[in-house]
>>> print(open('work.csv').read())   # CSV, C-alpha atoms
chain,number,residue,atom,x,y,z
A,254,MET,CA,-78.7,-31.5,165.0
A,255,VAL,CA,-79.4,-28.2,163.2
A,256,SER,CA,-79.3,-25.2,165.5
A,257,HIS,CA,-78.9,-21.4,165.1
A,258,THR,CA,-75.2,-22.1,164.9
A,259,PRO,CA,-74.9,-25.2,162.8
A,260,ASP,CA,-72.4,-27.9,163.8
A,261,THR,CA,-69.3,-27.7,161.6
A,262,GLN,CA,-69.4,-31.5,161.2
A,263,ILE,CA,-72.7,-31.1,159.4
A,264,ARG,CA,-71.2,-28.7,156.9
A,265,VAL,CA,-68.1,-30.8,156.4
A,266,GLY,CA,-70.2,-33.8,155.9
A,267,LEU,CA,-72.2,-32.1,153.2
A,268,GLU,CA,-69.1,-30.7,151.5
A,269,GLY,CA,-67.6,-34.1,151.3
A,270,ALA,CA,-70.8,-36.0,150.3
A,271,PRO,CA,-70.3,-37.9,147.0
A,272,GLY,CA,-71.9,-36.1,144.1
A,273,LEU,CA,-72.9,-33.0,146.1
A,274,LYS,CA,-71.2,-30.6,143.6
A,275,ASP,CA,-73.2,-32.2,140.8
A,276,ARG,CA,-76.4,-31.9,142.7
A,277,ARG,CA,-75.6,-28.2,143.4
A,278,ARG,CA,-75.4,-27.6,139.7
A,279,ASP,CA,-79.1,-28.7,139.6
A,280,ARG,CA,-80.0,-26.3,142.4
A,281,HIS,CA,-81.8,-24.1,140.0
A,282,MET,CA,-82.7,-26.7,137.5
A,283,PRO,CA,-86.0,-25.9,135.6
A,284,SER,CA,-88.0,-28.7,137.3
A,285,ALA,CA,-86.8,-27.9,140.8
A,286,LYS,CA,-89.4,-26.7,143.3
A,287,ARG,CA,-88.5,-23.4,144.8
A,288,VAL,CA,-88.3,-23.0,148.6
A,289,LEU,CA,-88.0,-19.6,150.4
A,290,LEU,CA,-85.6,-19.6,153.4
A,291,VAL,CA,-85.7,-16.4,155.5
A,292,ASP,CA,-83.2,-16.3,158.4
A,293,ASP,CA,-80.5,-13.8,159.4
A,294,ASP,CA,-78.2,-16.6,160.6
A,295,ALA,CA,-76.2,-17.1,157.4
A,296,MET,CA,-74.6,-20.4,158.6
A,297,LEU,CA,-78.0,-21.9,159.4
A,298,ARG,CA,-79.6,-20.7,156.2
A,299,SER,CA,-76.7,-22.0,154.1
A,300,SER,CA,-76.8,-25.4,155.9
A,301,LEU,CA,-80.5,-25.7,155.2
A,302,ALA,CA,-80.1,-24.6,151.6
A,303,GLU,CA,-77.4,-27.1,151.0
A,304,GLN,CA,-79.4,-30.0,152.5
A,305,LEU,CA,-82.5,-29.1,150.5
A,306,ALA,CA,-80.5,-28.8,147.3
A,307,ALA,CA,-78.9,-32.1,148.0
A,308,GLU,CA,-82.3,-33.8,147.9
A,309,GLY,CA,-82.4,-33.0,144.2
A,310,GLU,CA,-85.9,-31.6,143.9
A,311,TYR,CA,-85.7,-28.2,145.6
A,312,ALA,CA,-84.2,-24.9,144.6
A,313,PRO,CA,-83.6,-22.9,147.8
A,314,VAL,CA,-84.0,-19.1,147.6
A,315,GLU,CA,-82.3,-17.3,150.5
A,316,ALA,CA,-83.1,-14.1,152.3
A,317,GLY,CA,-81.6,-12.6,155.5
A,318,SER,CA,-84.3,-10.0,156.5
A,319,ILE,CA,-88.0,-9.2,156.2
A,320,ALA,CA,-87.3,-6.7,153.4
A,321,GLU,CA,-85.3,-9.2,151.4
A,322,GLY,CA,-87.8,-12.0,152.1
A,323,ARG,CA,-90.6,-9.7,150.9
A,324,GLU,CA,-88.8,-9.1,147.6
A,325,ARG,CA,-87.9,-12.7,147.1
A,326,ALA,CA,-91.5,-13.7,147.7
A,327,LYS,CA,-92.6,-11.5,144.7
A,328,ASP,CA,-90.6,-13.7,142.3
A,329,GLY,CA,-93.4,-16.3,142.0
A,330,LEU,CA,-94.8,-19.4,143.6
A,331,TYR,CA,-92.9,-21.5,146.2
A,332,GLU,CA,-93.3,-25.1,147.3
A,333,PHE,CA,-93.0,-24.1,150.9
A,334,MET,CA,-91.4,-21.4,153.1
A,335,ILE,CA,-89.3,-21.5,156.2
A,336,LEU,CA,-89.2,-18.2,158.2
A,337,ASP,CA,-87.3,-17.2,161.3
A,338,VAL,CA,-89.2,-15.2,163.9
A,339,GLY,CA,-86.2,-13.0,165.0
A,340,LEU,CA,-85.1,-11.0,162.0
A,341,PRO,CA,-83.0,-7.9,162.1
A,342,ASP,CA,-85.7,-5.6,160.7
A,343,GLY,CA,-88.7,-7.0,162.5
A,344,ASP,CA,-90.8,-10.1,163.5
A,345,GLY,CA,-91.0,-12.9,161.0
A,346,ARG,CA,-94.5,-13.5,162.0
A,347,GLU,CA,-95.5,-10.2,160.5
A,348,LEU,CA,-93.8,-11.3,157.3
A,349,CYS,CA,-95.9,-14.5,157.4
A,350,ARG,CA,-99.0,-12.5,157.9
A,351,GLU,CA,-98.1,-10.2,154.9
A,352,LEU,CA,-97.5,-13.2,152.7
A,353,ARG,CA,-100.8,-14.8,153.6
A,354,GLU,CA,-102.6,-11.5,152.9
A,355,SER,CA,-100.9,-11.2,149.5
A,356,GLY,CA,-102.2,-14.6,148.5
A,357,ALA,CA,-99.4,-17.1,149.5
A,358,THR,CA,-101.1,-20.5,150.1
A,359,CYS,CA,-98.1,-22.8,150.4
A,360,PRO,CA,-97.0,-24.3,153.8
A,361,ILE,CA,-95.1,-21.9,156.0
A,362,ILE,CA,-92.9,-23.2,158.8
A,363,MET,CA,-91.7,-20.7,161.5
A,364,LEU,CA,-88.4,-21.1,163.3
A,365,THR,CA,-87.8,-19.6,166.8
A,366,ALA,CA,-85.4,-19.7,169.7
A,367,ALA,CA,-88.3,-19.3,172.1
A,368,ASP,CA,-90.6,-22.2,173.1
A,369,ALA,CA,-93.3,-20.4,175.2
A,370,ASP,CA,-96.9,-21.2,174.4
A,371,ASP,CA,-97.7,-17.6,173.7
A,372,ASP,CA,-95.0,-17.5,171.0
A,373,THR,CA,-96.4,-20.7,169.3
A,374,ILE,CA,-99.9,-19.3,169.4
A,375,ALA,CA,-98.8,-16.0,167.9
A,376,GLY,CA,-96.9,-17.8,165.1
A,377,LEU,CA,-99.9,-20.0,164.2
A,378,ASN,CA,-102.3,-17.0,164.4
A,379,SER,CA,-100.1,-15.2,161.9
A,380,GLY,CA,-100.9,-17.9,159.3
A,381,ALA,CA,-98.0,-20.3,159.8
A,382,ASN,CA,-98.7,-24.0,159.4
A,383,ASP,CA,-96.2,-25.1,162.1
A,384,TYR,CA,-93.8,-23.7,164.6
A,385,ILE,CA,-90.4,-25.3,165.3
A,386,THR,CA,-88.0,-24.4,168.1
A,387,LYS,CA,-84.3,-24.2,167.6
A,388,PRO,CA,-82.2,-26.3,167.9
A,389,PHE,CA,-83.9,-29.0,165.7
A,390,ARG,CA,-83.0,-31.9,163.5
A,391,TYR,CA,-83.2,-31.5,159.8
A,392,ALA,CA,-85.0,-34.8,159.4
A,393,VAL,CA,-87.7,-33.7,161.9
A,394,LEU,CA,-88.1,-30.3,160.1
A,395,MET,CA,-88.6,-32.1,156.7
A,396,ALA,CA,-91.0,-34.7,158.1
A,397,ARG,CA,-93.2,-31.8,159.2
A,398,VAL,CA,-92.8,-30.0,155.9
A,399,HIS,CA,-93.8,-33.1,153.9
A,400,ALA,CA,-96.8,-33.7,156.2
A,401,HIS,CA,-98.0,-30.2,155.5
A,402,LEU,CA,-97.3,-30.6,151.8
A,403,ARG,CA,-99.4,-33.7,151.6
A,404,SER,CA,-102.2,-31.9,153.3
A,405,HIS,CA,-101.8,-28.8,151.1
A,406,GLU,CA,-101.8,-30.8,147.9
A,407,GLN,CA,-105.3,-32.2,148.7
A,408,SER,CA,-106.7,-28.8,149.7
A,409,GLU,CA,-108.7,-26.4,147.6
A,410,ASP,CA,-105.9,-23.8,148.1
A,411,ALA,CA,-103.2,-25.8,146.2
A,412,VAL,CA,-101.6,-23.7,143.5
A,413,TYR,CA,-98.6,-24.7,141.3
A,414,ARG,CA,-96.3,-23.1,138.8
A,415,ILE,CA,-96.1,-24.9,135.5
A,416,GLY,CA,-93.9,-23.2,132.9
A,417,PRO,CA,-95.4,-19.7,132.3
A,418,TYR,CA,-98.7,-20.7,134.0
A,419,THR,CA,-100.2,-20.6,137.4
A,420,PHE,CA,-102.0,-23.9,137.8
A,421,ARG,CA,-105.1,-24.1,140.0
A,422,PRO,CA,-106.3,-27.7,140.1
A,423,SER,CA,-109.4,-27.1,142.1
A,424,ALA,CA,-110.7,-24.7,139.4
A,425,LYS,CA,-109.3,-26.8,136.5
A,426,LEU,CA,-107.6,-23.7,135.3
A,427,LEU,CA,-104.3,-22.4,134.0
A,428,LEU,CA,-103.5,-18.6,134.1
A,429,ASP,CA,-100.7,-17.1,132.1
A,430,GLY,CA,-98.7,-14.0,133.1
A,431,GLY,CA,-101.2,-11.7,131.3
A,432,GLY,CA,-104.2,-13.1,133.1
A,433,LYS,CA,-105.5,-15.3,130.2
A,434,LYS,CA,-107.4,-18.3,131.4
A,435,ILE,CA,-107.0,-21.8,129.9
A,436,ARG,CA,-109.8,-24.1,130.9
A,437,LEU,CA,-108.9,-27.8,131.5
A,438,THR,CA,-111.0,-30.9,131.6
A,439,GLU,CA,-110.9,-33.1,134.7
A,440,LYS,CA,-108.6,-35.6,133.0
A,441,GLU,CA,-106.2,-32.9,131.8
A,442,THR,CA,-106.1,-31.5,135.3
A,443,ASN,CA,-105.3,-34.9,136.8
A,444,ILE,CA,-102.6,-35.5,134.2
A,445,LEU,CA,-100.9,-32.2,135.0
A,446,LYS,CA,-101.3,-32.7,138.8
A,447,PHE,CA,-99.9,-36.2,138.8
A,448,LEU,CA,-96.9,-35.3,136.6
A,449,TYR,CA,-96.2,-32.3,138.8
A,450,ARG,CA,-96.2,-34.3,142.0
A,451,GLN,CA,-94.0,-37.0,140.6
A,452,GLY,CA,-91.4,-34.5,139.3
A,453,ASP,CA,-89.8,-37.1,137.0
A,454,THR,CA,-90.7,-39.3,134.0
A,455,VAL,CA,-93.9,-41.3,134.5
A,456,ALA,CA,-94.5,-44.4,132.4
A,457,ARG,CA,-97.5,-44.3,130.1
A,458,ASP,CA,-99.1,-47.3,131.8
A,459,THR,CA,-98.6,-45.7,135.3
A,460,LEU,CA,-100.1,-42.4,134.2
A,461,LEU,CA,-103.0,-44.1,132.5
A,462,HIS,CA,-103.9,-46.1,135.6
A,463,GLU,CA,-103.5,-43.1,137.9
A,464,VAL,CA,-105.8,-40.9,135.9
A,465,TRP,CA,-108.3,-43.5,134.5
A,466,GLY,CA,-108.0,-46.3,137.0
A,467,TYR,CA,-107.6,-49.9,136.1
A,468,ASN,CA,-110.1,-50.0,133.2
A,469,PRO,CA,-109.3,-52.6,130.5
A,470,ALA,CA,-111.4,-50.6,128.0
A,471,VAL,CA,-109.0,-47.6,128.2
A,472,THR,CA,-105.7,-47.9,126.3
A,473,THR,CA,-102.6,-45.8,126.0
A,474,HIS,CA,-104.1,-44.3,122.8
A,475,THR,CA,-106.6,-42.6,125.1
A,476,LEU,CA,-103.8,-41.1,127.1
A,477,GLU,CA,-101.9,-40.0,124.0
A,478,THR,CA,-105.0,-38.3,122.6
A,479,HIS,CA,-105.4,-36.3,125.9
A,480,ILE,CA,-101.7,-35.4,125.9
A,481,TYR,CA,-102.0,-34.2,122.3
A,482,ARG,CA,-105.0,-32.0,123.2
A,483,LEU,CA,-103.3,-30.7,126.3
A,484,ARG,CA,-100.3,-29.6,124.3
A,485,GLN,CA,-102.5,-27.7,121.9
A,486,LYS,CA,-103.7,-25.7,124.9
A,487,ILE,CA,-100.4,-25.1,126.8
A,488,GLU,CA,-97.5,-25.2,124.3
A,489,SER,CA,-96.6,-22.2,122.1
A,490,ASN,CA,-95.4,-24.8,119.6
A,491,PRO,CA,-97.1,-28.1,120.2
A,492,GLY,CA,-94.9,-29.9,117.7
A,493,HIS,CA,-91.8,-29.1,119.8
A,494,ALA,CA,-93.1,-29.3,123.4
A,495,GLN,CA,-91.2,-27.4,126.0
A,496,ILE,CA,-93.5,-28.0,129.0
A,497,LEU,CA,-95.2,-31.5,128.6
A,498,LEU,CA,-92.3,-33.6,127.4
A,499,THR,CA,-92.2,-37.1,125.8
A,500,GLU,CA,-89.3,-39.1,127.2
A,501,SER,CA,-88.3,-42.7,126.9
A,502,GLY,CA,-91.2,-44.8,128.1
A,503,GLY,CA,-93.4,-41.9,129.3
A,504,TYR,CA,-94.0,-38.2,130.0
A,505,ARG,CA,-92.4,-35.6,132.1
A,506,LEU,CA,-93.5,-32.1,133.1
A,507,GLN,CA,-91.0,-29.3,132.8
A,508,ALA,CA,-92.8,-27.6,135.7
A,509,GLN,CA,-90.9,-24.3,136.0
>>> encode(input="work.csv", output="structure tokens")
Amino acid sequence: MVSHTPDTQIRVGLEGAPGLKDRRRDRHMPSAKRVLLVDDDAMLRSSLAEQLAAEGEYAPVEAGSIAEGRERAKDGLYEFMILDVGLPDGDGRELCRELRESGATCPIIMLTAADADDDTIAGLNSGANDYITKPFRYAVLMARVHAHLRSHEQSEDAVYRIGPYTFRPSAKLLLDGGGKKIRLTEKETNILKFLYRQGDTVARDTLLHEVWGYNPAVTTHTLETHIYRLRQKIESNPGHAQILLTESGGYRLQAQ
């Protein structure tokens, strides 16, 4: 059980887990999805960060105060955020409200030591997606996170970071750091969206069926043509792709 003073056994178990050090090297790997953790309890924050990194797909970014969380939030897009209510320089719900007002659309989970209805209502009213009382189990926290991620991915608000671009699937649009817009077709949008969500190499046949459906008239040549055109739009050097990669048997998105 994860609490505001994590059990030493949890930390020892993580330290001794096979391959954890190797997974930690991948903590900031290019394809990892960033997660913002804001909590002044360093042990809890570290424990959560270690467990998230051990899953192999997340790159935790830690902050111990509202001021630090505010700065970290400026670094770019996050897959989701976990914010503590009781922070040394203020109420985490105010930080949540600030983040929403500044355009953050990802799921935000609030952590609190209080379980009164008024606290829960205040947290949800600040823009949080969920409100979890300490102590809690990591598995329960992540089950809620994943539920909100699934809902978010289907919403009009979903925004992703792909290489130097901000990807807005609902608008079929990529924006670069200078505000330049790259218009995408529906198929191009669906290719990027599926590759992003998978986070790993996707076989050509799988991607073809996901984007075009089971249509015997559509072949892998159709997919390859769309990949070629997509690279012309998003790669600085399409002949040496750095974002939309060809790998053995399929394609992978170097998302960040």
>>> closest_residue(input="work.csv", among="A:Gly317, A:Ser404, A:Ile362, A:Gly356", to="Leu340 (chain A)", atoms="all atoms listed in the file")
A:Gly317
>>> atom_distance(input="work.csv", atom1="CA of Glu439 (chain A)", atom2="CA of Arg287 (chain A)")
26.4 Å
>>> closest_residue(input="work.csv", among="A:Gly309, A:Pro417, A:Pro422, A:Gly345", to="Ala381 (chain A)", atoms="only C-alpha atoms")
A:Gly345
>>> closest_residue(input="work.csv", among="A:Ile319, A:Leu498, A:Ala411, A:Val455", to="Arg484 (chain A)", atoms="only C-alpha atoms")
A:Leu498
>>> residues_near_point(input="work.csv", point="(-96.5, -32.7, 127.0)", cutoff="8 Å", atoms="all atoms listed in the file", output="JSON, numbers by chain")
{"A": [480, 481, 483, 484, 494, 495, 496, 497, 498, 499, 504, 505, 506]}
>>> atom_distance(input="work.csv", atom1="CA of Leu476 (chain A)", atom2="CA of Lys446 (chain A)")
14.6 Å
>>> residues_around(input="work.csv", residues="Gly329 (chain A)", least_positions_apart="3", cutoff="9 Å", atoms="all atoms listed in the file", output="PDB file with C-alpha atoms, in the coordinates of the input")
ATOM      1  CA  ARG A 325     -87.900 -12.700 147.100  1.00  0.00           C
ATOM      2  CA  ALA A 326     -91.500 -13.700 147.700  1.00  0.00           C
ATOM      3  CA  ARG A 414     -96.300 -23.100 138.800  1.00  0.00           C
TER       4      ARG A 414
END
